[in-house]
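Source file: run_38.cif (mmCIF, C-alpha atoms)
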```cif
data_query
#
loop_
_atom_site.group_PDB
_atom_site.id
_atom_site.type_symbol
_atom_site.label_atom_id
_atom_site.label_comp_id
_atom_site.auth_asym_id
_atom_site.auth_seq_id
_atom_site.Cartn_x
_atom_site.Cartn_y
_atom_site.Cartn_z
ATOM 1 C CA MET A 1 20.645 -11.017 10.362
ATOM 2 C CA ASP A 2 18.201 -11.761 13.170
ATOM 3 C CA LEU A 3 14.835 -12.610 11.600
ATOM 4 C CA SER A 4 13.350 -14.012 14.797
ATOM 5 C CA LYS A 5 13.903 -10.674 16.532
ATOM 6 C CA ILE A 6 12.200 -8.762 13.695
ATOM 7 C CA TYR A 7 9.069 -10.908 13.554
ATOM 8 C CA SER A 8 8.718 -11.508 17.282
ATOM 9 C CA LYS A 9 9.046 -7.801 18.025
ATOM 10 C CA ALA A 10 6.581 -6.901 15.260
ATOM 11 C CA TRP A 11 4.094 -9.405 16.689
ATOM 12 C CA ASP A 12 4.549 -8.001 20.197
ATOM 13 C CA LEU A 13 3.982 -4.448 18.940
ATOM 14 C CA ILE A 14 0.778 -5.385 17.137
ATOM 15 C CA LYS A 15 -0.568 -7.209 20.178
ATOM 16 C CA LYS A 16 0.401 -4.466 22.632
ATOM 17 C CA TYR A 17 -0.575 -1.351 20.673
ATOM 18 C CA LYS A 18 -3.989 -1.784 19.092
ATOM 19 C CA ILE A 19 -3.826 1.826 17.847
ATOM 20 C CA LEU A 20 -1.522 0.519 15.115
ATOM 21 C CA TRP A 21 -4.469 -1.466 13.730
ATOM 22 C CA LEU A 22 -6.226 1.815 12.957
ATOM 23 C CA PHE A 23 -3.253 3.153 11.027
ATOM 24 C CA GLY A 24 -2.981 -0.219 9.310
ATOM 25 C CA LEU A 25 -6.604 0.231 8.214
ATOM 26 C CA PHE A 26 -5.737 3.662 6.808
ATOM 27 C CA ALA A 27 -2.580 2.391 5.098
ATOM 28 C CA GLY A 28 -4.462 -0.493 3.473
ATOM 29 C CA CYS A 29 -7.426 1.632 2.386
ATOM 30 C CA GLY A 30 -8.260 0.964 -1.252
ATOM 31 C CA GLN A 31 -5.475 -1.584 -1.515
ATOM 32 C CA SER A 32 -6.494 -4.948 -2.936
ATOM 33 C CA THR A 33 -5.164 -7.860 -0.933
ATOM 34 C CA PHE A 34 -5.978 -10.278 -3.708
ATOM 35 C CA GLY A 35 -3.589 -8.983 -6.337
ATOM 36 C CA THR A 36 -4.698 -8.163 -9.840
ATOM 37 C CA SER A 37 -6.406 -10.408 -12.305
ATOM 38 C CA SER A 38 -7.499 -10.145 -15.905
ATOM 39 C CA TYR A 39 -10.168 -11.874 -17.884
ATOM 40 C CA SER A 40 -11.451 -11.894 -21.433
ATOM 41 C CA ALA A 41 -15.157 -11.603 -22.213
ATOM 42 C CA ASP A 42 -15.651 -13.754 -25.259
ATOM 43 C CA ASN A 43 -18.949 -14.825 -26.808
ATOM 44 C CA ASP A 44 -19.107 -18.072 -24.851
ATOM 45 C CA TYR A 45 -18.794 -16.191 -21.587
ATOM 46 C CA LEU A 46 -21.494 -13.714 -22.585
ATOM 47 C CA THR A 47 -23.877 -16.478 -23.576
ATOM 48 C CA THR A 48 -23.340 -18.423 -20.351
ATOM 49 C CA PHE A 49 -23.563 -15.386 -18.016
ATOM 50 C CA PRO A 50 -26.729 -15.740 -15.942
ATOM 51 C CA THR A 51 -28.448 -12.548 -17.102
ATOM 52 C CA SER A 52 -31.712 -13.954 -15.774
ATOM 53 C CA LYS A 53 -30.359 -13.327 -12.258
ATOM 54 C CA ILE A 54 -30.150 -9.608 -12.937
ATOM 55 C CA PRO A 55 -33.405 -7.897 -11.931
ATOM 56 C CA PRO A 56 -35.517 -6.517 -14.822
ATOM 57 C CA GLY A 57 -35.152 -3.041 -13.353
ATOM 58 C CA PHE A 58 -31.362 -3.193 -13.781
ATOM 59 C CA GLN A 59 -31.704 -4.508 -17.329
ATOM 60 C CA ARG A 60 -34.049 -1.639 -18.239
ATOM 61 C CA TRP A 61 -31.608 0.798 -16.619
ATOM 62 C CA PHE A 62 -28.758 -0.422 -18.834
ATOM 63 C CA LEU A 63 -30.986 -0.191 -21.914
ATOM 64 C CA ASN A 64 -31.937 3.399 -21.014
ATOM 65 C CA ILE A 65 -28.261 4.290 -20.674
ATOM 66 C CA GLU A 66 -27.571 2.850 -24.111
ATOM 67 C CA ARG A 67 -30.398 4.910 -25.630
ATOM 68 C CA PHE A 68 -29.162 8.054 -23.846
ATOM 69 C CA ILE A 69 -25.643 7.544 -25.264
ATOM 70 C CA ASN A 70 -27.013 7.201 -28.787
ATOM 71 C CA ASN A 71 -29.300 10.247 -28.505
ATOM 72 C CA ASN A 72 -27.037 12.561 -26.429
ATOM 73 C CA PRO A 73 -23.342 11.818 -27.142
ATOM 74 C CA GLY A 74 -22.270 15.333 -26.045
ATOM 75 C CA LYS A 75 -23.953 15.140 -22.648
ATOM 76 C CA PHE A 76 -22.671 11.605 -22.173
ATOM 77 C CA PHE A 77 -19.099 12.790 -22.800
ATOM 78 C CA LEU A 78 -19.591 15.613 -20.270
ATOM 79 C CA TYR A 79 -20.926 13.182 -17.669
ATOM 80 C CA ILE A 80 -17.955 10.896 -18.287
ATOM 81 C CA LEU A 81 -15.594 13.809 -17.628
ATOM 82 C CA LEU A 82 -17.424 14.706 -14.401
ATOM 83 C CA ILE A 83 -17.473 11.109 -13.192
ATOM 84 C CA SER A 84 -13.792 10.667 -14.102
ATOM 85 C CA GLY A 85 -12.937 13.836 -12.179
ATOM 86 C CA ALA A 86 -14.857 12.556 -9.164
ATOM 87 C CA PHE A 87 -12.996 9.256 -9.293
ATOM 88 C CA VAL A 88 -9.648 11.072 -9.553
ATOM 89 C CA PHE A 89 -10.559 13.226 -6.543
ATOM 90 C CA ILE A 90 -11.644 10.213 -4.507
ATOM 91 C CA GLY A 91 -8.516 8.334 -5.572
ATOM 92 C CA LEU A 92 -6.383 11.284 -4.449
ATOM 93 C CA LEU A 93 -8.072 11.338 -1.053
ATOM 94 C CA ILE A 94 -7.595 7.585 -0.654
ATOM 95 C CA GLY A 95 -3.937 7.940 -1.656
ATOM 96 C CA LEU A 96 -3.364 10.657 0.951
ATOM 97 C CA LEU A 97 -5.153 8.548 3.559
ATOM 98 C CA ARG A 98 -2.845 5.620 2.744
ATOM 99 C CA VAL A 99 0.191 7.900 3.104
ATOM 100 C CA TYR A 100 -1.182 9.092 6.440
ATOM 101 C CA GLY A 101 -1.622 5.511 7.627
ATOM 102 C CA LYS A 102 1.830 4.408 6.481
ATOM 103 C CA ILE A 103 3.510 7.342 8.231
ATOM 104 C CA GLY A 104 1.516 6.515 11.356
ATOM 105 C CA LEU A 105 2.660 2.888 11.315
ATOM 106 C CA ILE A 106 6.320 3.777 10.823
ATOM 107 C CA SER A 107 6.115 6.508 13.463
ATOM 108 C CA GLY A 108 4.376 4.146 15.876
ATOM 109 C CA VAL A 109 7.140 1.566 15.561
ATOM 110 C CA LYS A 110 9.758 4.310 15.942
ATOM 111 C CA LEU A 111 8.105 5.651 19.111
ATOM 112 C CA ALA A 112 7.772 2.128 20.496
ATOM 113 C CA GLU A 113 11.463 1.512 19.854
ATOM 114 C CA LYS A 114 12.207 4.736 21.707
ATOM 115 C CA ASP A 115 10.069 3.316 24.541
ATOM 116 C CA ILE A 116 7.740 6.321 24.472
ATOM 117 C CA THR A 117 4.590 5.357 26.343
ATOM 118 C CA PRO A 118 1.701 5.494 26.263
ATOM 119 C CA LEU A 119 1.548 5.029 22.504
ATOM 120 C CA THR A 120 -1.660 6.872 21.618
ATOM 121 C CA PHE A 121 -3.301 8.343 18.550
ATOM 122 C CA ASN A 122 -2.293 11.854 19.606
ATOM 123 C CA ASN A 123 1.451 11.302 19.897
ATOM 124 C CA ILE A 124 1.509 9.251 16.685
ATOM 125 C CA ASN A 125 -0.529 11.952 14.946
ATOM 126 C CA GLU A 126 2.030 14.566 16.002
ATOM 127 C CA GLU A 127 4.723 12.544 14.231
ATOM 128 C CA VAL A 128 2.507 12.168 11.177
ATOM 129 C CA LYS A 129 2.004 15.948 10.917
ATOM 130 C CA LYS A 130 5.770 16.411 11.147
ATOM 131 C CA TYR A 131 6.562 14.132 8.196
ATOM 132 C CA PHE A 132 3.379 14.099 6.087
ATOM 133 C CA TRP A 133 4.274 16.609 3.372
ATOM 134 C CA LYS A 134 7.871 15.415 3.276
ATOM 135 C CA VAL A 135 6.671 11.904 2.494
ATOM 136 C CA VAL A 136 4.175 13.225 -0.083
ATOM 137 C CA LEU A 137 7.022 15.097 -1.809
ATOM 138 C CA LEU A 138 9.148 11.963 -1.607
ATOM 139 C CA PHE A 139 6.479 9.853 -3.319
ATOM 140 C CA LEU A 140 5.976 12.520 -6.006
ATOM 141 C CA LEU A 141 9.703 12.518 -6.806
ATOM 142 C CA VAL A 142 9.760 8.731 -6.990
ATOM 143 C CA TRP A 143 6.598 8.690 -9.122
ATOM 144 C CA VAL A 144 8.084 11.112 -11.666
ATOM 145 C CA VAL A 145 11.293 9.081 -11.950
ATOM 146 C CA ASN A 146 9.330 5.842 -12.278
ATOM 147 C CA LEU A 147 7.123 7.385 -14.986
ATOM 148 C CA ILE A 148 10.170 8.410 -17.020
ATOM 149 C CA ILE A 149 11.758 4.963 -16.708
ATOM 150 C CA SER A 150 8.462 3.266 -17.592
ATOM 151 C CA LEU A 151 8.071 5.386 -20.741
ATOM 152 C CA ILE A 152 11.622 4.510 -21.783
ATOM 153 C CA LEU A 153 10.928 0.804 -21.253
ATOM 154 C CA VAL A 154 7.723 0.999 -23.282
ATOM 155 C CA GLY A 155 9.598 2.717 -26.100
ATOM 156 C CA LEU A 156 12.308 0.044 -26.064
ATOM 157 C CA PHE A 157 9.682 -2.708 -25.950
ATOM 158 C CA LEU A 158 8.018 -1.369 -29.100
ATOM 159 C CA THR A 159 11.259 -1.833 -31.030
ATOM 160 C CA ILE A 160 10.463 -5.587 -30.987
ATOM 161 C CA ILE A 161 14.180 -6.465 -31.121
ATOM 162 C CA LEU A 162 14.676 -5.457 -27.479
ATOM 163 C CA ALA A 163 11.303 -6.819 -26.317
ATOM 164 C CA VAL A 164 12.627 -9.893 -24.478
ATOM 165 C CA PRO A 165 15.493 -8.091 -22.653
ATOM 166 C CA VAL A 166 13.093 -5.281 -21.710
ATOM 167 C CA ILE A 167 10.589 -7.754 -20.243
ATOM 168 C CA CYS A 168 13.326 -9.388 -18.140
ATOM 169 C CA PHE A 169 14.656 -6.028 -16.990
ATOM 170 C CA ALA A 170 11.151 -4.738 -16.253
ATOM 171 C CA PHE A 171 10.459 -7.718 -13.981
ATOM 172 C CA VAL A 172 13.652 -7.157 -11.977
ATOM 173 C CA TYR A 173 13.062 -3.402 -11.964
ATOM 174 C CA ALA A 174 9.508 -3.840 -10.625
ATOM 175 C CA LEU A 175 10.783 -5.929 -7.694
ATOM 176 C CA ILE A 176 13.552 -3.452 -6.831
ATOM 177 C CA TYR A 177 11.187 -0.506 -7.235
ATOM 178 C CA ALA A 178 8.589 -2.030 -4.908
ATOM 179 C CA LEU A 179 11.236 -2.686 -2.262
ATOM 180 C CA LEU A 180 12.809 0.777 -2.454
ATOM 181 C CA VAL A 181 9.473 2.632 -2.464
ATOM 182 C CA ASN A 182 8.548 0.710 0.672
ATOM 183 C CA GLN A 183 11.806 1.712 2.372
ATOM 184 C CA PHE A 184 12.083 5.378 1.310
ATOM 185 C CA PRO A 185 9.550 6.729 3.853
ATOM 186 C CA ILE A 186 10.975 4.472 6.552
ATOM 187 C CA ALA A 187 14.429 5.997 6.103
ATOM 188 C CA LEU A 188 12.962 9.509 6.085
ATOM 189 C CA ILE A 189 10.997 9.018 9.298
ATOM 190 C CA VAL A 190 13.291 6.756 11.299
ATOM 191 C CA GLU A 191 16.403 8.859 10.640
ATOM 192 C CA ASP A 192 14.590 12.214 10.317
ATOM 193 C CA LEU A 193 15.944 13.015 6.846
ATOM 194 C CA ASP A 194 14.936 15.198 3.936
ATOM 195 C CA PRO A 195 13.466 13.422 0.858
ATOM 196 C CA PHE A 196 16.668 13.462 -1.230
ATOM 197 C CA LEU A 197 18.818 12.297 1.677
ATOM 198 C CA ALA A 198 16.254 9.597 2.471
ATOM 199 C CA ILE A 199 16.538 8.252 -1.081
ATOM 200 C CA LYS A 200 20.332 8.216 -0.901
ATOM 201 C CA ARG A 201 20.329 6.605 2.539
ATOM 202 C CA THR A 202 17.840 3.926 1.448
ATOM 203 C CA PHE A 203 20.065 2.862 -1.438
ATOM 204 C CA GLN A 204 23.012 2.567 0.958
ATOM 205 C CA VAL A 205 21.131 0.492 3.530
ATOM 206 C CA VAL A 206 19.221 -1.792 1.147
ATOM 207 C CA PHE A 207 22.062 -2.669 -1.225
ATOM 208 C CA SER A 208 24.455 -3.327 1.662
ATOM 209 C CA ASN A 209 21.950 -5.751 3.228
ATOM 210 C CA ILE A 210 20.597 -7.662 0.219
ATOM 211 C CA PRO A 211 20.325 -11.093 1.975
ATOM 212 C CA LEU A 212 18.254 -9.624 4.822
ATOM 213 C CA TYR A 213 15.861 -7.788 2.518
ATOM 214 C CA LEU A 214 15.462 -10.735 0.161
ATOM 215 C CA THR A 215 14.616 -13.035 3.056
ATOM 216 C CA VAL A 216 12.103 -10.659 4.639
ATOM 217 C CA GLY A 217 10.591 -9.932 1.219
ATOM 218 C CA ILE A 218 10.067 -13.616 0.412
ATOM 219 C CA ILE A 219 8.582 -14.362 3.834
ATOM 220 C CA ASN A 220 6.199 -11.394 3.675
ATOM 221 C CA LEU A 221 5.194 -12.138 0.085
ATOM 222 C CA PHE A 222 4.282 -15.777 0.711
ATOM 223 C CA GLY A 223 2.565 -14.866 3.966
ATOM 224 C CA LEU A 224 0.502 -12.221 2.160
ATOM 225 C CA ILE A 225 -0.439 -14.703 -0.574
ATOM 226 C CA VAL A 226 -1.716 -17.196 1.997
ATOM 227 C CA VAL A 227 -3.632 -14.539 3.938
ATOM 228 C CA SER A 228 -5.098 -13.079 0.727
ATOM 229 C CA PHE A 229 -6.283 -16.530 -0.336
ATOM 230 C CA LEU A 230 -7.978 -17.131 3.016
ATOM 231 C CA LEU A 231 -9.621 -13.699 3.024
ATOM 232 C CA GLY A 232 -10.765 -14.181 -0.547
ATOM 233 C CA LEU A 233 -12.473 -17.524 0.033
ATOM 234 C CA PRO A 234 -15.739 -16.050 1.432
ATOM 235 C CA ILE A 235 -16.054 -13.626 -1.487
ATOM 236 C CA ILE A 236 -15.354 -16.399 -3.997
ATOM 237 C CA ALA A 237 -17.957 -18.541 -2.230
ATOM 238 C CA VAL A 238 -20.588 -15.785 -2.481
ATOM 239 C CA PHE A 239 -20.081 -15.318 -6.224
ATOM 240 C CA GLY A 240 -19.973 -19.082 -6.746
ATOM 241 C CA ALA A 241 -23.251 -19.529 -4.873
ATOM 242 C CA TRP A 242 -24.822 -16.755 -6.932
ATOM 243 C CA PHE A 243 -23.905 -18.521 -10.165
ATOM 244 C CA ILE A 244 -25.012 -21.970 -8.980
ATOM 245 C CA LEU A 245 -28.064 -21.362 -6.792
ATOM 246 C CA ASP A 246 -31.201 -19.852 -8.290
ATOM 247 C CA LYS A 247 -32.576 -18.695 -4.929
ATOM 248 C CA ILE A 248 -29.889 -16.019 -4.397
ATOM 249 C CA THR A 249 -30.967 -12.757 -5.994
ATOM 250 C CA PHE A 250 -28.705 -10.118 -7.509
ATOM 251 C CA GLY A 251 -29.543 -7.622 -4.760
ATOM 252 C CA THR A 252 -28.700 -10.115 -2.016
ATOM 253 C CA MET A 253 -25.375 -10.895 -3.670
ATOM 254 C CA VAL A 254 -24.485 -7.187 -3.879
ATOM 255 C CA ILE A 255 -25.331 -6.568 -0.200
ATOM 256 C CA VAL A 256 -23.413 -9.650 1.007
ATOM 257 C CA GLY A 257 -20.468 -8.725 -1.252
ATOM 258 C CA ILE A 258 -20.300 -5.195 0.181
ATOM 259 C CA LEU A 259 -20.487 -6.472 3.769
ATOM 260 C CA LEU A 260 -17.765 -9.055 3.126
ATOM 261 C CA GLY A 261 -15.613 -6.377 1.491
ATOM 262 C CA LEU A 262 -15.934 -4.162 4.572
ATOM 263 C CA VAL A 263 -15.081 -7.080 6.877
ATOM 264 C CA VAL A 264 -12.016 -7.989 4.784
ATOM 265 C CA THR A 265 -10.886 -4.347 4.812
ATOM 266 C CA VAL A 266 -11.138 -4.166 8.603
ATOM 267 C CA VAL A 267 -9.422 -7.530 9.107
ATOM 268 C CA PHE A 268 -6.607 -6.478 6.781
ATOM 269 C CA GLY A 269 -5.805 -3.531 9.103
ATOM 270 C CA PRO A 270 -3.748 -5.466 11.692
ATOM 271 C CA ILE A 271 -2.197 -7.569 8.910
ATOM 272 C CA LYS A 272 -1.017 -4.424 7.138
ATOM 273 C CA ALA A 273 0.226 -3.050 10.464
ATOM 274 C CA PHE A 274 2.233 -6.229 11.091
ATOM 275 C CA LEU A 275 3.801 -6.170 7.612
ATOM 276 C CA ASP A 276 4.820 -2.516 7.867
ATOM 277 C CA ALA A 277 6.175 -3.142 11.361
ATOM 278 C CA THR A 278 8.406 -5.934 10.031
ATOM 279 C CA TRP A 279 9.719 -3.678 7.247
ATOM 280 C CA THR A 280 10.393 -0.827 9.679
ATOM 281 C CA LEU A 281 12.203 -3.115 12.092
ATOM 282 C CA THR A 282 14.142 -4.576 9.157
ATOM 283 C CA TYR A 283 15.400 -1.108 8.254
ATOM 284 C CA ILE A 284 16.283 -0.354 11.883
ATOM 285 C CA GLN A 285 18.294 -3.575 12.067
ATOM 286 C CA ALA A 286 19.914 -3.109 8.651
ATOM 287 C CA ALA A 287 20.901 0.492 9.392
ATOM 288 C CA ASN A 288 22.142 -0.581 12.839
ATOM 289 C CA ILE A 289 20.077 2.091 14.597
ATOM 290 C CA ASN A 290 19.955 2.078 18.379
ATOM 291 C CA PHE A 291 17.628 4.698 19.810
ATOM 292 C CA ASP A 292 19.064 4.184 23.293
ATOM 293 C CA GLU A 293 22.511 5.434 22.265
ATOM 294 C CA PRO A 294 23.085 9.210 22.410
ATOM 295 C CA LYS A 295 24.088 10.958 19.212
ATOM 296 C CA GLU A 296 27.639 12.074 18.459
ATOM 297 C CA GLU A 297 26.647 15.719 18.995
ATOM 298 C CA GLU A 298 25.603 14.885 22.555
ATOM 299 C CA PHE A 299 28.999 13.311 23.245
ATOM 300 C CA THR A 300 30.709 16.425 21.895
ATOM 301 C CA GLU A 301 28.663 18.780 24.044
ATOM 302 C CA LEU A 302 29.345 16.607 27.099
ATOM 303 C CA ASN A 303 33.097 16.701 26.520
ATOM 304 C CA ILE A 304 33.100 20.478 26.071
ATOM 305 C CA ASP A 305 31.209 20.949 29.336
ATOM 306 C CA GLU A 306 33.630 18.682 31.155
ATOM 307 C CA VAL A 307 36.619 20.624 29.827
ATOM 308 C CA THR A 308 35.177 24.023 30.786
ATOM 309 C CA THR A 309 34.442 22.829 34.326
#
```

Take the structure in this file and express it as structure tokens.
Amino acid sequence: MDLSKIYSKAWDLIKKYKILWLFGLFAGCGQSTFGTSSYSADNDYLTTFPTSKIPPGFQRWFLNIERFINNNPGKFFLYILLISGAFVFIGLLIGLLRVYGKIGLISGVKLAEKDITPLTFNNINEEVKKYFWKVVLLFLLVWVVNLIISLILVGLFLTIILAVPVICFAFVYALIYALLVNQFPIALIVEDLDPFLAIKRTFQVVFSNIPLYLTVGIINLFGLIVVSFLLGLPIIAVFGAWFILDKITFGTMVIVGILLGLVVTVVFGPIKAFLDATWTLTYIQAANINFDEPKEEEFTELNIDEVTT
């Protein structure tokens, strides 16, 4: 286990090949770097929310929507279906873009390890086109299996008696699932495998190198938490200033929030590229892959030629 080699090489790749930042931007598109959060809107919160900061035009707009819902429930339901369909379509496009970016990152690291230069968008894109639909099929297979397991866990949880064991198992399962899903496309691309073989190969590599993967996972997780906190500070500051200061209008807050969101998305590109580079290099080290060594078939052909001559 050589962690210094993994992280130093990943850092060198990110510094040397800026094209990986672009694929990192694609891979992180629509991905929240701040985790998920939940909140409850109770009466106290509603009474303390600064509705006076919302422009009268927006307040009238919300009131008009409420009247429209009451007077035209059928049309409102139709609009909800259309809007939901649009969101599903946009979500699908973003998902495919993230797959494209992830394949590009893995392929870029693979080409760099093969010492193929120059590392450009065109030669990475050629690799992406080669593996894109294979990786999409791979994710679909994994998604179906995960859906079945999740439904089983929900059913067991509802029995009440098995609730606590199911919660414990679900936590462990979520960690293992996240790790394996991250490694499946790496195995497929790095070793040029079909989806089913990539799944089998990933299980072999990961579970035979548990200490390495646990260490890299912990390092990357804590690093991502720190980076997410730092990137989130400006956005938290904007919302805090909006609540405290009366001079900041709702429109100004929205514009500043959108601009900060775009900046955070762009900045997260090289961070995402670095993280995926570390995971790809981890797999290469765990699977003991050396791109400089010829394959066994090449040795066989060489021996046959020597015998015939």

- Task: Might you spell out which residues the PyMOL selection byres ((chain A and resi 270-285) around 6) would select in the displayed file, as a ChimeraX atom specification?
- Result: /A:6,10,21,24,268-269,286-289

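One finds CA of Ala187 in chain A at 26.0 Å from CA of Phe169 in chain A.
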
For the structure shown, which residues end up in the PyMOL selection byres ((chain A and resi 201) around 10)? Put them as an mmCIF file with C-alpha atoms, in the coordinates of the input, please?
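Produced file expr.cif, reproduced below:
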```cif
data_model
loop_
_atom_site.group_PDB
_atom_site.id
_atom_site.type_symbol
_atom_site.label_atom_id
_atom_site.label_comp_id
_atom_site.auth_asym_id
_atom_site.auth_seq_id
_atom_site.Cartn_x
_atom_site.Cartn_y
_atom_site.Cartn_z
ATOM 1 C CA GLN A 183 11.806 1.712 2.372
ATOM 2 C CA PHE A 184 12.083 5.378 1.310
ATOM 3 C CA ALA A 187 14.429 5.997 6.103
ATOM 4 C CA LEU A 188 12.962 9.509 6.085
ATOM 5 C CA GLU A 191 16.403 8.859 10.640
ATOM 6 C CA LEU A 193 15.944 13.015 6.846
ATOM 7 C CA PRO A 195 13.466 13.422 0.858
ATOM 8 C CA PHE A 196 16.668 13.462 -1.230
ATOM 9 C CA LEU A 197 18.818 12.297 1.677
ATOM 10 C CA ALA A 198 16.254 9.597 2.471
ATOM 11 C CA ILE A 199 16.538 8.252 -1.081
ATOM 12 C CA LYS A 200 20.332 8.216 -0.901
ATOM 13 C CA THR A 202 17.840 3.926 1.448
ATOM 14 C CA PHE A 203 20.065 2.862 -1.438
ATOM 15 C CA GLN A 204 23.012 2.567 0.958
ATOM 16 C CA VAL A 205 21.131 0.492 3.530
ATOM 17 C CA VAL A 206 19.221 -1.792 1.147
ATOM 18 C CA ALA A 287 20.901 0.492 9.392
#
```

- Task: For Lys134 in chain A, list every protein, DNA or RNA residue within 9 Å, evaluated using only C-alpha atoms, and leave out those in the same chain fewer than 4 positions away; present the list as a PyMOL selection string.
- Result: chain A and resi 130+138-139+185+188+194-195

- Task: Between A:Phe23, A:Lys114, A:Gly223, A:Leu230, single out the one closest to Val128 in chain A, counting all atoms listed in the file.
- Result: A:Phe23

As lines of an AutoDock Vina configuration file, what would the box around range 216-219 of chain A look like: edges along x, y and z, 6 Å added on every side, centre and edge lengths in Å to one decimal?
```
center_x = 10.3
center_y = -12.1
center_z = 2.5
size_x = 15.5
size_y = 16.4
size_z = 16.2
```

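Taking CA of Trp133 in chain A as the reference point, CA of Leu151 in chain A is found at 26.9 Å.
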
- Item | Separation of CA of Val190 in chain A from CA of Asn146 in chain A in Å | 23.9 Å

Is it possible to add N, CA, C and O atoms to range 199-213 of chain A and hand it back as an mmCIF file, keeping the file's coordinate frame?
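The new file part_18.cif reads:
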```cif
data_model
loop_
_atom_site.group_PDB
_atom_site.id
_atom_site.type_symbol
_atom_site.label_atom_id
_atom_site.label_comp_id
_atom_site.auth_asym_id
_atom_site.auth_seq_id
_atom_site.Cartn_x
_atom_site.Cartn_y
_atom_site.Cartn_z
ATOM 1 N N ILE A 199 16.331 9.108 0.081
ATOM 2 C CA ILE A 199 16.538 8.252 -1.081
ATOM 3 C C ILE A 199 17.967 7.725 -1.117
ATOM 4 O O ILE A 199 18.212 6.522 -1.321
ATOM 5 N N LYS A 200 18.923 8.621 -0.904
ATOM 6 C CA LYS A 200 20.332 8.216 -0.901
ATOM 7 C C LYS A 200 20.615 7.214 0.214
ATOM 8 O O LYS A 200 21.291 6.196 -0.008
ATOM 9 N N ARG A 201 20.099 7.484 1.391
ATOM 10 C CA ARG A 201 20.329 6.605 2.539
ATOM 11 C C ARG A 201 19.698 5.231 2.333
ATOM 12 O O ARG A 201 20.272 4.203 2.704
ATOM 13 N N THR A 202 18.509 5.203 1.709
ATOM 14 C CA THR A 202 17.840 3.926 1.448
ATOM 15 C C THR A 202 18.659 3.050 0.525
ATOM 16 O O THR A 202 18.798 1.843 0.753
ATOM 17 N N PHE A 203 19.212 3.629 -0.530
ATOM 18 C CA PHE A 203 20.065 2.862 -1.438
ATOM 19 C C PHE A 203 21.253 2.267 -0.682
ATOM 20 O O PHE A 203 21.607 1.101 -0.895
ATOM 21 N N GLN A 204 21.864 3.048 0.192
ATOM 22 C CA GLN A 204 23.012 2.567 0.958
ATOM 23 C C GLN A 204 22.639 1.390 1.841
ATOM 24 O O GLN A 204 23.337 0.359 1.868
ATOM 25 N N VAL A 205 21.532 1.520 2.570
ATOM 26 C CA VAL A 205 21.131 0.492 3.530
ATOM 27 C C VAL A 205 20.668 -0.774 2.824
ATOM 28 O O VAL A 205 21.081 -1.890 3.176
ATOM 29 N N VAL A 206 19.795 -0.626 1.814
ATOM 30 C CA VAL A 206 19.221 -1.792 1.147
ATOM 31 C C VAL A 206 20.285 -2.598 0.416
ATOM 32 O O VAL A 206 20.371 -3.823 0.572
ATOM 33 N N PHE A 207 21.104 -1.936 -0.389
ATOM 34 C CA PHE A 207 22.062 -2.669 -1.225
ATOM 35 C C PHE A 207 23.264 -3.183 -0.431
ATOM 36 O O PHE A 207 24.044 -3.978 -0.954
ATOM 37 N N SER A 208 23.418 -2.747 0.802
ATOM 38 C CA SER A 208 24.455 -3.327 1.662
ATOM 39 C C SER A 208 23.895 -4.444 2.549
ATOM 40 O O SER A 208 24.638 -5.059 3.316
ATOM 41 N N ASN A 209 22.584 -4.691 2.435
ATOM 42 C CA ASN A 209 21.950 -5.751 3.228
ATOM 43 C C ASN A 209 20.986 -6.560 2.354
ATOM 44 O O ASN A 209 19.849 -6.846 2.750
ATOM 45 N N ILE A 210 21.436 -6.934 1.169
ATOM 46 C CA ILE A 210 20.597 -7.662 0.219
ATOM 47 C C ILE A 210 20.050 -8.971 0.799
ATOM 48 O O ILE A 210 18.849 -9.259 0.665
ATOM 49 N N PRO A 211 20.874 -9.822 1.440
ATOM 50 C CA PRO A 211 20.325 -11.093 1.975
ATOM 51 C C PRO A 211 19.177 -10.880 2.954
ATOM 52 O O PRO A 211 18.173 -11.606 2.911
ATOM 53 N N LEU A 212 19.304 -9.892 3.833
ATOM 54 C CA LEU A 212 18.254 -9.624 4.822
ATOM 55 C C LEU A 212 16.963 -9.200 4.128
ATOM 56 O O LEU A 212 15.875 -9.730 4.431
ATOM 57 N N TYR A 213 17.059 -8.289 3.194
ATOM 58 C CA TYR A 213 15.861 -7.788 2.518
ATOM 59 C C TYR A 213 15.221 -8.847 1.632
ATOM 60 O O TYR A 213 13.985 -8.921 1.535
#
```
